[in-house]
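Data first, discussion second: the structure below is written as structure tokens.
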Amino acid sequence: MSQKIFKYINGEITIVWKPDVCQHSTLCWKGLIEVFNPRERPWIKMNGATTKRIIEQVKKCPSGALGFLKTIK
Ligand code: SF4
């Protein structure tokens, strides 16, 4: 079975989100609503904060649903 993967890019990093893995812990949007807002589409807004701040928040995801890759230029 293939796993759903969504990608969000800001030119420096790519955020990878796996909805099937997400435990809806709410940590990401309570921590950084400017980027992670489940009421909006797309729910991840890559221009809502600095790359550093986004990475900081992604690392707090308890389930591993959020991850990031450095964008290769
Ligand atoms: S922090 Fe991770 S597990 Fe929690 S809602 Fe966000 S993506 Fe899902």
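Labels used: A, B, ... for chains in the order of the structure tokens, numbers from 1 for residues in each chain, and numbers from 1 for ligands as shown.
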
Using only C-alpha atoms and all ligand atoms, what table do you get, as JSON lines, when you list each residue of chain A with an atom no more than 9 Å from ligand 1, its nearest pair of atoms, and their distance in Å rounded to one decimal, rows by chain then rising number?
{"residue": "A:Trp17", "atom": "CA", "partner": "ligand 1", "partner_atom_place_in_ligand_line": "7 (S)", "distance": 6.7}
{"residue": "A:Lys18", "atom": "CA", "partner": "ligand 1", "partner_atom_place_in_ligand_line": "7 (S)", "distance": 7.7}
{"residue": "A:Pro19", "atom": "CA", "partner": "ligand 1", "partner_atom_place_in_ligand_line": "8 (Fe)", "distance": 7.4}
{"residue": "A:Val21", "atom": "CA", "partner": "ligand 1", "partner_atom_place_in_ligand_line": "3 (S)", "distance": 7.2}
{"residue": "A:Cys22", "atom": "CA", "partner": "ligand 1", "partner_atom_place_in_ligand_line": "8 (Fe)", "distance": 3.8}
{"residue": "A:Gln23", "atom": "CA", "partner": "ligand 1", "partner_atom_place_in_ligand_line": "3 (S)", "distance": 4.3}
{"residue": "A:His24", "atom": "CA", "partner": "ligand 1", "partner_atom_place_in_ligand_line": "5 (S)", "distance": 3.7}
{"residue": "A:Ser25", "atom": "CA", "partner": "ligand 1", "partner_atom_place_in_ligand_line": "4 (Fe)", "distance": 3.7}
{"residue": "A:Thr26", "atom": "CA", "partner": "ligand 1", "partner_atom_place_in_ligand_line": "5 (S)", "distance": 4.2}
{"residue": "A:Leu27", "atom": "CA", "partner": "ligand 1", "partner_atom_place_in_ligand_line": "1 (S)", "distance": 4.4}
{"residue": "A:Cys28", "atom": "CA", "partner": "ligand 1", "partner_atom_place_in_ligand_line": "1 (S)", "distance": 4.1}
{"residue": "A:Trp29", "atom": "CA", "partner": "ligand 1", "partner_atom_place_in_ligand_line": "6 (Fe)", "distance": 6.6}
{"residue": "A:Lys30", "atom": "CA", "partner": "ligand 1", "partner_atom_place_in_ligand_line": "1 (S)", "distance": 8.8}
{"residue": "A:Gly31", "atom": "CA", "partner": "ligand 1", "partner_atom_place_in_ligand_line": "1 (S)", "distance": 8.7}
{"residue": "A:Phe36", "atom": "CA", "partner": "ligand 1", "partner_atom_place_in_ligand_line": "6 (Fe)", "distance": 7.7}
{"residue": "A:Pro38", "atom": "CA", "partner": "ligand 1", "partner_atom_place_in_ligand_line": "5 (S)", "distance": 8.7}
{"residue": "A:Gln57", "atom": "CA", "partner": "ligand 1", "partner_atom_place_in_ligand_line": "1 (S)", "distance": 8.0}
{"residue": "A:Val58", "atom": "CA", "partner": "ligand 1", "partner_atom_place_in_ligand_line": "1 (S)", "distance": 7.1}
{"residue": "A:Lys59", "atom": "CA", "partner": "ligand 1", "partner_atom_place_in_ligand_line": "1 (S)", "distance": 8.7}
{"residue": "A:Lys60", "atom": "CA", "partner": "ligand 1", "partner_atom_place_in_ligand_line": "1 (S)", "distance": 6.5}
{"residue": "A:Cys61", "atom": "CA", "partner": "ligand 1", "partner_atom_place_in_ligand_line": "1 (S)", "distance": 3.8}
{"residue": "A:Pro62", "atom": "CA", "partner": "ligand 1", "partner_atom_place_in_ligand_line": "3 (S)", "distance": 5.6}
{"residue": "A:Ser63", "atom": "CA", "partner": "ligand 1", "partner_atom_place_in_ligand_line": "3 (S)", "distance": 4.9}
{"residue": "A:Gly64", "atom": "CA", "partner": "ligand 1", "partner_atom_place_in_ligand_line": "2 (Fe)", "distance": 6.4}
{"residue": "A:Ala65", "atom": "CA", "partner": "ligand 1", "partner_atom_place_in_ligand_line": "7 (S)", "distance": 5.0}
{"residue": "A:Leu66", "atom": "CA", "partner": "ligand 1", "partner_atom_place_in_ligand_line": "7 (S)", "distance": 5.1}
{"residue": "A:Gly67", "atom": "CA", "partner": "ligand 1", "partner_atom_place_in_ligand_line": "7 (S)", "distance": 8.9}

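For the choices A:Ile15, A:Ile33, A:Pro42, A:Phe6, the atom-to-atom distance to Ile55 (chain A) is smallest for A:Ile15 when using only C-alpha atoms.
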
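Separating CA of Ser2 (chain A) from CA of Ile44 (chain A) is a distance of 22.2 Å.
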
So which residues touch Gly11 (chain A) within 12 Å, counting only C-alpha atoms, skipping near sequence neighbours fewer than 4 positions away, as a VMD selection string?
chain A and resid 15 46 to 47 50 to 51 69 to 73

Just list as a ChimeraX atom specification whatever in chain A DSSP marks as strand (DSSP E or B).
/A:6-9,13-17,36,44,66-70

Looking only at the backbone, which of the residues in chain A does DSSP tag as alpha helix (DSSP H), as a list in words?
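DSSP on the backbone gives alpha helix (DSSP H) at Leu27, Cys28, Trp29, Lys30, Gly31, Thr51, Lys52, Arg53, Ile54, Ile55, Glu56, Gln57 and Val58 of chain A.
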
Rank A:Lys45, A:Glu56, A:Arg39, A:Leu32 by their smallest atom-to-atom distance to Lys7 (chain A), using only C-alpha atoms, and report the top residue only.
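Closest to Lys7 (chain A) of all the choices is A:Lys45.
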
Which residue out of A:Val35, A:Lys4, A:Phe68, A:Asn10 has the minimum interatomic distance to Ala49 (chain A) when only C-alpha atoms are used?
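Going through A:Val35, A:Lys4, A:Phe68, A:Asn10 one by one, the smallest distance to Ala49 (chain A) is for A:Val35.
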
Between A:Asp20, A:Glu40, A:Glu34, A:Gln3, which is the closest to Ile54 (chain A) once you count only C-alpha atoms?
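Closest to Ile54 (chain A) of all the choices is A:Glu34.
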